[in-house]
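File shown: coords25.tsv. Contents: TSV, C-alpha atoms.
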chain	number	residue	atom	x	y	z
A	1	MET	CA	107.11	81.59	91.94
A	2	GLU	CA	108.51	82.27	95.41
A	3	ARG	CA	109.28	85.90	96.13
A	4	ARG	CA	112.84	86.91	96.87
A	5	ARG	CA	113.44	88.15	100.39
A	6	ALA	CA	114.63	91.67	101.06
A	7	PRO	CA	117.95	92.05	102.89
A	8	ALA	CA	117.66	91.98	106.67
A	9	ALA	CA	119.15	95.48	106.79
A	10	ASN	CA	116.08	96.75	104.93
A	11	ARG	CA	113.59	95.08	107.22
A	12	ARG	CA	114.95	96.81	110.31
A	13	TYR	CA	113.36	100.08	109.14
A	14	ARG	CA	109.94	98.66	110.02
A	15	GLN	CA	110.97	97.81	113.57
A	16	ARG	CA	110.21	100.20	116.40
A	17	ARG	CA	113.18	98.99	118.42
A	18	PHE	CA	115.56	100.05	115.64
A	19	TRP	CA	114.18	103.60	115.65
A	20	ASP	CA	114.03	103.84	119.43
A	21	ALA	CA	117.70	102.88	119.64
A	22	LEU	CA	118.58	105.40	116.95
A	23	TYR	CA	116.72	108.27	118.60
A	24	ARG	CA	118.12	107.47	122.03
A	25	GLN	CA	121.55	107.85	120.47
A	26	GLU	CA	120.86	110.89	118.27
A	27	GLY	CA	118.17	112.65	120.26
A	28	ALA	CA	116.37	115.42	118.35
A	29	GLU	CA	119.41	116.62	116.43
A	30	PRO	CA	117.88	117.19	112.97
A	31	ARG	CA	118.32	114.48	110.39
A	32	GLU	CA	116.66	115.06	107.02
A	33	TRP	CA	115.49	112.32	104.69
A	34	LEU	CA	115.17	113.70	101.14
A	35	GLY	CA	116.52	117.05	102.30
A	36	GLY	CA	115.15	119.91	104.36
A	37	LEU	CA	112.18	122.17	103.77
A	38	SER	CA	114.10	124.55	101.51
A	39	ARG	CA	114.39	121.85	98.80
A	40	PHE	CA	110.67	121.76	98.14
A	41	LEU	CA	109.36	124.97	99.76
A	42	PRO	CA	108.05	126.57	96.52
A	43	GLU	CA	105.95	123.51	95.71
A	44	LEU	CA	104.77	123.15	99.29
A	45	GLU	CA	103.83	126.80	99.84
A	46	ALA	CA	101.50	126.64	96.85
A	47	GLU	CA	99.37	124.14	98.78
A	48	LEU	CA	99.44	125.66	102.29
A	49	ARG	CA	97.37	128.46	103.78
A	50	PRO	CA	97.85	130.40	107.04
A	51	GLY	CA	95.85	128.75	109.77
A	52	ASP	CA	95.90	125.30	108.18
A	53	ARG	CA	95.74	122.43	110.65
A	54	ILE	CA	98.72	120.33	109.54
A	55	LEU	CA	99.49	116.71	110.43
A	56	VAL	CA	103.03	115.40	109.82
A	57	LEU	CA	103.28	111.62	109.56
A	58	GLY	CA	106.42	109.88	110.82
A	59	CYS	CA	108.13	113.10	111.85
A	60	GLY	CA	111.33	111.47	113.10
A	61	ASN	CA	113.94	114.03	114.10
A	62	SER	CA	113.43	116.14	110.99
A	63	ALA	CA	113.19	119.89	111.52
A	64	LEU	CA	110.27	120.06	109.08
A	65	SER	CA	107.57	120.70	111.69
A	66	HIS	CA	109.63	123.39	113.39
A	67	ASP	CA	110.54	125.05	110.09
A	68	LEU	CA	106.88	125.20	109.09
A	69	HIS	CA	106.11	126.78	112.46
A	70	GLU	CA	108.79	129.41	111.89
A	71	LEU	CA	107.23	130.28	108.51
A	72	GLY	CA	103.91	131.04	110.17
A	73	TYR	CA	102.17	127.68	109.98
A	74	THR	CA	101.70	127.43	113.71
A	75	ASP	CA	99.11	124.66	114.00
A	76	VAL	CA	101.25	121.56	113.41
A	77	THR	CA	100.73	118.11	114.93
A	78	SER	CA	103.58	115.62	114.44
A	79	ILE	CA	103.39	111.89	115.09
A	80	ASP	CA	105.86	109.01	115.17
A	81	PHE	CA	105.60	105.46	116.46
A	82	SER	CA	108.87	105.79	118.41
A	83	PRO	CA	108.37	107.02	121.99
A	84	ALA	CA	112.07	107.94	122.16
A	85	CYS	CA	111.68	110.18	119.12
A	86	ILE	CA	108.61	112.00	120.41
A	87	ALA	CA	110.13	112.54	123.85
A	88	ALA	CA	113.25	114.07	122.31
A	89	MET	CA	111.30	116.30	119.91
A	90	ARG	CA	108.89	117.49	122.59
A	91	THR	CA	111.84	118.57	124.75
A	92	ARG	CA	113.79	120.23	121.92
A	93	TYR	CA	110.86	122.36	120.73
A	94	ALA	CA	109.13	123.04	124.05
A	95	ARG	CA	109.33	126.79	123.32
A	96	CYS	CA	106.93	126.39	120.35
A	97	PRO	CA	103.46	125.90	121.90
A	98	GLY	CA	101.84	125.49	118.48
A	99	LEU	CA	103.80	122.31	117.87
A	100	ARG	CA	102.14	119.19	119.23
A	101	TRP	CA	103.74	115.75	119.42
A	102	ALA	CA	102.19	112.32	119.82
A	103	VAL	CA	103.25	108.68	119.74
A	104	MET	CA	101.03	107.09	117.12
A	105	ASP	CA	100.90	104.40	114.45
A	106	ILE	CA	100.13	105.80	111.00
A	107	ARG	CA	97.95	102.74	110.34
A	108	ALA	CA	95.54	103.73	113.13
A	109	LEU	CA	95.31	107.50	113.57
A	110	ALA	CA	93.71	108.52	116.86
A	111	PHE	CA	92.04	111.63	115.40
A	112	PRO	CA	88.40	112.30	114.52
A	113	ASP	CA	87.23	112.47	110.93
A	114	ALA	CA	88.06	115.65	108.97
A	115	ALA	CA	90.43	116.89	111.69
A	116	PHE	CA	93.11	118.34	109.38
A	117	ASP	CA	93.44	120.62	106.38
A	118	VAL	CA	96.79	119.16	105.33
A	119	VAL	CA	98.49	115.82	105.93
A	120	LEU	CA	102.17	115.75	105.03
A	121	GLU	CA	104.70	112.94	104.82
A	122	LYS	CA	108.33	112.91	103.71
A	123	GLY	CA	109.76	109.45	103.15
A	124	THR	CA	107.54	107.83	105.78
A	125	LEU	CA	105.44	105.70	103.42
A	126	ASP	CA	108.60	104.36	101.81
A	127	VAL	CA	109.10	102.29	104.96
A	128	LEU	CA	106.06	100.24	103.99
A	129	MET	CA	107.97	99.03	100.94
A	130	VAL	CA	111.29	98.06	102.50
A	131	ASP	CA	110.48	94.33	102.31
A	132	GLU	CA	109.79	94.53	98.58
A	133	THR	CA	112.32	93.31	96.04
A	134	ASP	CA	110.38	94.04	92.83
A	135	PRO	CA	108.64	97.44	92.58
A	136	TRP	CA	106.73	96.20	89.53
A	137	ASP	CA	105.16	93.38	91.55
A	138	VAL	CA	104.40	94.58	95.08
A	139	SER	CA	103.29	91.91	97.52
A	140	PRO	CA	99.64	91.85	98.64
A	141	GLN	CA	100.83	92.50	102.20
A	142	ALA	CA	102.64	95.72	101.26
A	143	ALA	CA	99.76	96.91	99.07
A	144	ALA	CA	97.32	96.26	101.93
A	145	ALA	CA	99.50	98.14	104.43
A	146	MET	CA	99.74	101.11	102.09
A	147	HIS	CA	95.99	101.09	101.52
A	148	ARG	CA	95.32	101.00	105.25
A	149	VAL	CA	97.48	104.08	105.88
A	150	LEU	CA	96.03	106.02	102.95
A	151	ALA	CA	92.49	105.22	104.07
A	152	GLU	CA	93.33	106.72	107.47
A	153	VAL	CA	94.82	109.80	105.83
A	154	SER	CA	91.68	110.28	103.75
A	155	ARG	CA	89.50	109.88	106.82
A	156	VAL	CA	91.23	112.61	108.86
A	157	LEU	CA	91.35	115.06	105.94
A	158	ARG	CA	88.54	117.59	105.67
A	159	PRO	CA	86.78	117.97	102.31
A	160	GLY	CA	88.97	120.25	100.20
A	161	GLY	CA	92.05	119.38	102.23
A	162	CYS	CA	95.18	117.89	100.72
A	163	PHE	CA	97.60	115.08	101.34
A	164	ILE	CA	101.19	115.82	100.30
A	165	SER	CA	103.64	112.95	99.88
A	166	ILE	CA	107.35	113.51	99.17
A	167	THR	CA	109.33	110.46	98.09
A	168	PHE	CA	111.93	109.05	95.73
A	169	ALA	CA	109.25	106.63	94.46
A	170	GLN	CA	108.63	107.25	90.76
A	171	PRO	CA	105.08	107.79	89.48
A	172	HIS	CA	104.78	104.43	87.73
A	173	PHE	CA	105.48	102.73	91.07
A	174	ARG	CA	103.64	104.97	93.55
A	175	LYS	CA	100.64	106.40	91.66
A	176	PRO	CA	98.73	103.09	91.50
A	177	HIS	CA	98.58	103.09	95.31
A	178	TYR	CA	97.46	106.71	95.55
A	179	ALA	CA	95.00	106.57	92.63
A	180	GLN	CA	92.27	104.67	94.46
A	181	GLU	CA	88.70	105.90	94.02
A	182	ALA	CA	87.85	104.89	97.59
A	183	PHE	CA	90.04	107.68	98.98
A	184	GLY	CA	87.92	110.37	97.31
A	185	TRP	CA	90.75	112.57	96.08
A	186	SER	CA	92.44	113.76	92.92
A	187	LEU	CA	96.11	113.15	92.20
A	188	ARG	CA	98.90	115.07	90.58
A	189	HIS	CA	102.66	115.08	90.95
A	190	ALA	CA	105.77	117.10	90.18
A	191	ALA	CA	109.41	116.09	89.90
A	192	CYS	CA	111.71	118.08	92.17
A	193	GLY	CA	115.47	118.42	92.42
A	194	ASP	CA	118.35	120.75	93.03
A	195	GLY	CA	119.07	121.48	89.40
A	196	ASP	CA	122.15	119.27	89.48
A	197	ALA	CA	122.12	116.97	86.46
A	198	GLY	CA	123.85	114.27	88.50
A	199	ALA	CA	121.44	114.40	91.44
A	200	PHE	CA	118.52	112.06	92.04
A	201	HIS	CA	115.11	113.59	91.58
A	202	TYR	CA	112.35	113.09	94.06
A	203	PHE	CA	108.61	113.47	93.60
A	204	LEU	CA	105.95	115.53	95.32
A	205	TYR	CA	102.43	114.07	95.08
A	206	VAL	CA	99.39	116.18	95.92
A	207	MET	CA	96.00	114.58	96.57
A	208	ARG	CA	93.06	116.94	96.94
A	209	LYS	CA	90.08	115.47	98.79
A	210	GLY	CA	86.73	115.95	97.14
A	211	GLN	CA	88.08	116.20	93.61
A	212	PRO	CA	87.85	113.31	91.14
A	213	LEU	CA	90.71	111.32	89.74
A	214	ASP	CA	91.54	111.82	86.09
A	215	PRO	CA	90.52	108.82	83.95
A	216	PRO	CA	94.14	107.70	83.27
A	217	ASP	CA	94.91	107.74	87.00
A	218	LEU	CA	91.67	105.93	87.75
A	219	ALA	CA	92.61	103.18	85.29
A	220	LEU	CA	96.09	103.00	86.80
A	221	GLY	CA	94.65	102.51	90.27
A	222	ARG	CA	92.33	99.74	89.13
A	223	ARG	CA	95.21	97.80	87.64
A	224	LEU	CA	96.83	97.56	91.07
A	225	HIS	CA	94.21	95.00	92.10
A	226	GLN	CA	94.29	92.94	88.95
A	227	PRO	CA	96.22	89.65	89.06
A	228	PRO	CA	99.51	89.68	87.16
A	229	PRO	CA	99.33	88.22	83.64
A	230	THR	CA	99.87	84.49	83.38
A	231	PRO	CA	103.33	83.75	81.94
A	232	ARG	CA	103.20	82.41	78.42
A	233	PRO	CA	104.29	78.77	78.14
A	234	ALA	CA	107.77	78.24	76.80
A	235	THR	CA	107.86	77.13	73.17
A	236	THR	CA	110.56	75.30	71.29
A	237	PRO	CA	112.07	77.69	68.76
A	238	ARG	CA	111.84	76.66	65.15
A	239	PRO	CA	115.09	76.08	63.30
A	240	PRO	CA	116.21	78.98	61.12
A	241	GLY	CA	114.18	79.17	57.94
A	242	ARG	CA	111.59	76.66	59.12
A	243	ARG	CA	108.08	77.59	57.99
A	244	ARG	CA	104.92	76.34	59.59
A	245	GLY	CA	103.53	73.29	57.81
A	246	LEU	CA	106.57	72.56	55.65
A	247	SER	CA	108.35	69.22	55.63
A	248	PRO	CA	111.95	69.27	56.88
A	249	CYS	CA	112.97	68.15	53.39
A	250	HIS	CA	111.16	70.99	51.62
A	251	PRO	CA	113.58	73.08	49.54
A	252	ALA	CA	112.70	76.16	51.59
A	253	VAL	CA	114.23	74.61	54.70
A	254	THR	CA	117.24	72.84	53.23
A	255	ARG	CA	120.73	74.18	53.48
A	256	GLY	CA	123.58	74.12	50.95
A	257	GLY	CA	123.90	70.93	48.87
A	258	GLY	CA	120.18	70.15	49.32
A	259	LEU	CA	120.76	68.44	52.68
A	260	PRO	CA	117.66	68.41	54.83
A	261	TRP	CA	117.57	70.47	58.09
A	262	PRO	CA	117.66	69.16	60.68
A	263	PRO	CA	119.73	66.21	59.53
A	264	PRO	CA	118.18	62.78	60.00
A	265	THR	CA	119.18	60.95	63.13
A	266	GLN	CA	121.44	57.92	62.80

Once you've parsed the file, please lay out its structure as structure tokens.
Amino acid sequence: MERRRAPAANRRYRQRRFWDALYRQEGAEPREWLGGLSRFLPELEAELRPGDRILVLGCGNSALSHDLHELGYTDVTSIDFSPACIAAMRTRYARCPGLRWAVMDIRALAFPDAAFDVVLEKGTLDVLMVDETDPWDVSPQAAAAMHRVLAEVSRVLRPGGCFISITFAQPHFRKPHYAQEAFGWSLRHAACGDGDAGAFHYFLYVMRKGQPLDPPDLALGRRLHQPPPTPRPATTPRPPGRRRGLSPCHPAVTRGGGLPWPPPTQ
């Protein structure tokens, strides 16, 4: 069956020219996807330590890197594939020497192995799914792109380090991608929100390198690479009351007046 195409407006989020145009217009004025640091600070602080070498993927013009710096996490490297974004952020936060900025593709990180204690992303990996129309049946191309990025994240994490992913993607959609034995990390998640019953929740996933996956997560990750089940062939429904092996004229399948069902053709 041919896959449905995502709207063109979705696909623009994977295009560098779209983001360059946006950042040339907006500059480094903060724009927060999924909210600012205060929304998930308690969960995040539990994973961070003073002196951690932190890498922020797809920083955009979020104030996240700066806000972490102000809280005492002063070794923060932020990357984005938009040169316009990085130029604007480097100028805006020039007074913070501990903040480093680089133009880089998250699929090919130009860092040595085990270079960071923490890798952090907020909504960046969601861009890899913008072409998808069915979250239950992700295309091989999207799954491969996600795997490529996560393999790079695992590579640049030191043993014992953690990858933190913040997203609207629910566990049954996102955990299969994260729960891959090849990445060498454990996986857990927490639902976060503002306490407003009408607000959307988002999810914070924590992957700790060097710890094993739980068996249920391991099984979930393996299912990602299994082919989808073959659809069952359509069958002609039996008439009401019809039992297997009975003649149409059997009393059990006749209707009022003893007329056979279905009626004989003329």

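Once Pro83 (chain A) and its same-chain neighbours fewer than 2 positions away are set aside, A:Asp20, A:Phe81, A:Cys85, A:Ile86, A:Ala87, A:Val103 remain within 7 Å of it when counting all atoms listed in the file.
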
Near-region 203-215 of chain A list (6 Å; only C-alpha atoms; drop same-chain fewer than 2 positions) as a count of residues only | 21

For Leu57 (chain A), work out the shell of residues within 8 Å, counting only C-alpha atoms and skipping chain neighbours fewer than 2 positions away, then give it as JSON, numbers by chain.
-> {"A": [55, 59, 78, 79, 80, 106, 119, 120, 121, 122, 124]}

For the selection just defined, write its residues with C-alpha atoms to a file, as a PDB file, in the frame of the given file.
ATOM      1  CA  LEU A  55      99.490 116.710 110.430  1.00  0.00           C
ATOM      2  CA  CYS A  59     108.130 113.100 111.850  1.00  0.00           C
ATOM      3  CA  SER A  78     103.580 115.620 114.440  1.00  0.00           C
ATOM      4  CA  ILE A  79     103.390 111.890 115.090  1.00  0.00           C
ATOM      5  CA  ASP A  80     105.860 109.010 115.170  1.00  0.00           C
ATOM      6  CA  ILE A 106     100.130 105.800 111.000  1.00  0.00           C
ATOM      7  CA  VAL A 119      98.490 115.820 105.930  1.00  0.00           C
ATOM      8  CA  LEU A 120     102.170 115.750 105.030  1.00  0.00           C
ATOM      9  CA  GLU A 121     104.700 112.940 104.820  1.00  0.00           C
ATOM     10  CA  LYS A 122     108.330 112.910 103.710  1.00  0.00           C
ATOM     11  CA  THR A 124     107.540 107.830 105.780  1.00  0.00           C
TER      12      THR A 124
END

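Counting all atoms listed in the file and comparing A:Pro50, A:Ala169, A:Pro112, A:Tyr93, the residue that lies closest to Val127 (chain A) is A:Ala169.
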
Neighbours of point (94.9, 125.0, 106.9) within 6 Å, using only C-alpha atoms, written as JSON, numbers by chain = {"A": [49, 51, 52, 53, 117]}

Return the single residue from A:Pro216, A:Gly98, A:Pro42, A:Gly221 that is closest to Tyr178 (chain A), with distances computed using only C-alpha atoms.
-> A:Gly221

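For the pair CA of Lys175 (chain A) and CA of Leu224 (chain A), the separation is 9.6 Å.
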
Write out as a PyMOL selection string each polymer residue whose atoms come within 7 Å of Arg158 (chain A), counting all atoms listed in the file; drop sequence neighbours fewer than 4 positions from it.
-> chain A and resi 114-117

Would you output that residue set with C-alpha atoms, as a PDB file, in the coordinates of the input?
ATOM      1  CA  ALA A 114      88.060 115.650 108.970  1.00  0.00           C
ATOM      2  CA  ALA A 115      90.430 116.890 111.690  1.00  0.00           C
ATOM      3  CA  PHE A 116      93.110 118.340 109.380  1.00  0.00           C
ATOM      4  CA  ASP A 117      93.440 120.620 106.380  1.00  0.00           C
TER       5      ASP A 117
END

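Residues in contact with Leu71 (chain A) at 12 Å, where only C-alpha atoms are counted and same-chain residues fewer than 6 positions away are skipped, are listed as Leu37, Ser38, Leu41, Leu44, Glu45, Leu48, Arg49, Pro50, Gly51, Leu64 and Ser65 of chain A.
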
Please produce an output containing C-alpha atoms for each residue in the selection, written as a short mmCIF file (atom, residue, chain, number, x, y, z; two decimals), keeping the file's coordinate frame.
data_model
loop_
_atom_site.label_atom_id
_atom_site.label_comp_id
_atom_site.auth_asym_id
_atom_site.auth_seq_id
_atom_site.Cartn_x
_atom_site.Cartn_y
_atom_site.Cartn_z
CA LEU A 37 112.18 122.17 103.77
CA SER A 38 114.10 124.55 101.51
CA LEU A 41 109.36 124.97 99.76
CA LEU A 44 104.77 123.15 99.29
CA GLU A 45 103.83 126.80 99.84
CA LEU A 48 99.44 125.66 102.29
CA ARG A 49 97.37 128.46 103.78
CA PRO A 50 97.85 130.40 107.04
CA GLY A 51 95.85 128.75 109.77
CA LEU A 64 110.27 120.06 109.08
CA SER A 65 107.57 120.70 111.69
#

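Atom pair CA of Met146 (chain A) / CA of Leu125 (chain A): separated by 7.4 Å.
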
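Closest to Trp136 (chain A) among A:Trp101, A:His172, A:Gln25, A:Ala108 is A:His172, based on only C-alpha atoms.
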
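For the pair CA of Gly72 (chain A) and CA of Ala84 (chain A), the interatomic distance is 27.3 Å.
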